[in-house]
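Everything on this sheet refers to the single structure shown next.
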Amino acid sequence: MIDDDALSRALDAALPRRLAELRSATGLPVVFGGSTRSEQGALQLSISRTVGTFGDSLRRVRVVTGRGLGGAAMARSAPCRVSDYASTPGITHDYDQAVVEREQLASVMAYPVVVHGAVRGVLYGAARESRRIGDVAVRNAGVVAAHLARDLAALAGTPAPAARRVDAAGAALAELAELARSTADPLLRARLARIHTDLAGGPVEPAAGAPALSPREREALRLVAVGSTNAEIAVAMGIGVVTVKAYLHNAMRKLGVNNRGRAVVAARAAGLL
């Protein structure tokens, strides 16, 4: 296992690239973020990178769990957003001087970066006008946060659980996968496949005779499944829109369908997503 300080350094080093992706994917003009550390028994976020800010006031902020919007996201391990930061009653206003007075931010979103159940960092997106940050922007922020979390998880490694627990979990997942493959109800099959994916961290093994989608074609379809546009998929995957279209066209051809939505349904039914 890699130590906490090394994980924090790795996250901070990855932030410039991920913040650029976040800004493009959400359309929010101001983005910032940082890593967390345990300080005197409390989780504390240090904002280390900013894009689109007026100055460096946010980089001097230390966010404590439960305080402000980022602290709420850390406490809940879930994204939080507000349309008018200064007047929102559901958060504390410890950081209004930096957020509202100096940076004049109104609409703010905070998305935690969670690795193995622990919040390792927070990504923020914000605008200076008061408006609702939409579901698509939040969803796309989640894609960026998930990519960052995946990179950190790979760096940290995953401790091996006890062998008996692995055997029991493996048997249960195998039974669930078999149920997903054998049911004749396509909606039930898709639900079982999604449950398997959530539990196992990967898709159900493809049914016999299922088309062979490439990993990148599967990834593009997974992003379609959560409502991403071609442009948003391109940002998330780090490729061009033309390449995204090629991946989706190939996937649709292999699945025997003629639109993106049907491709997602067919891929789920075949145990590919």
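In the structure tokens, chains take the letters A, B, ... in the order shown, each chain's residues start at 1, and ligands count up from 1 in the order shown.
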Contacts of Ser38 (chain A) at 12 Å (only C-alpha atoms; same-chain gap of 6+ positions) as a list in words: Asp4, Asp5, Ser8, Gln44, Leu45, Ser46, Arg62, Val63, Val64, Thr65, Ala118, Val119, Arg120 and Gly121 of chain A
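In the backbone-derived DSSP annotation, strand (DSSP E or B) within region 55-145 of chain A comprises A:Arg62, A:Val63, A:Val64, A:Cys80, A:Arg81, A:Val82, A:Ser107, A:Val108, A:Met109, A:Ala110, A:Tyr111, A:Pro112, A:Val113, A:Val114, A:Val115, A:Ala118, A:Val119, A:Arg120, A:Gly121, A:Val122, A:Leu123, A:Tyr124, A:Gly125, A:Ala126, A:Ala127.
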Can you tell me, as a VMD selection string, what residues are no more than 7 Å from region 102-110 of chain A when counting only C-alpha atoms, ignoring any on the same chain fewer than 5 positions away? chain A and resid 53 to 54 69 to 70 73 79 to 86 97 122 to 133
Counting only C-alpha atoms, what is within 9 Å of Val242 (chain A), bar same-chain residues fewer than 5 positions away, as a short mmCIF file (atom, residue, chain, number, x, y, z; two decimals) with N, CA, C and O atoms, in the first residue's frame?
data_model
loop_
_atom_site.label_atom_id
_atom_site.label_comp_id
_atom_site.auth_asym_id
_atom_site.auth_seq_id
_atom_site.Cartn_x
_atom_site.Cartn_y
_atom_site.Cartn_z
N ASN A 230 -21.57 13.19 -27.69
CA ASN A 230 -20.31 12.79 -28.32
C ASN A 230 -19.16 13.69 -27.86
O ASN A 230 -18.04 13.21 -27.63
N ALA A 234 -15.86 12.47 -25.85
CA ALA A 234 -14.52 12.76 -26.34
C ALA A 234 -13.63 13.31 -25.24
O ALA A 234 -12.47 12.91 -25.09
N TYR A 247 -16.17 4.73 -32.91
CA TYR A 247 -16.39 3.68 -31.91
C TYR A 247 -17.87 3.32 -31.82
O TYR A 247 -18.24 2.14 -31.78
#
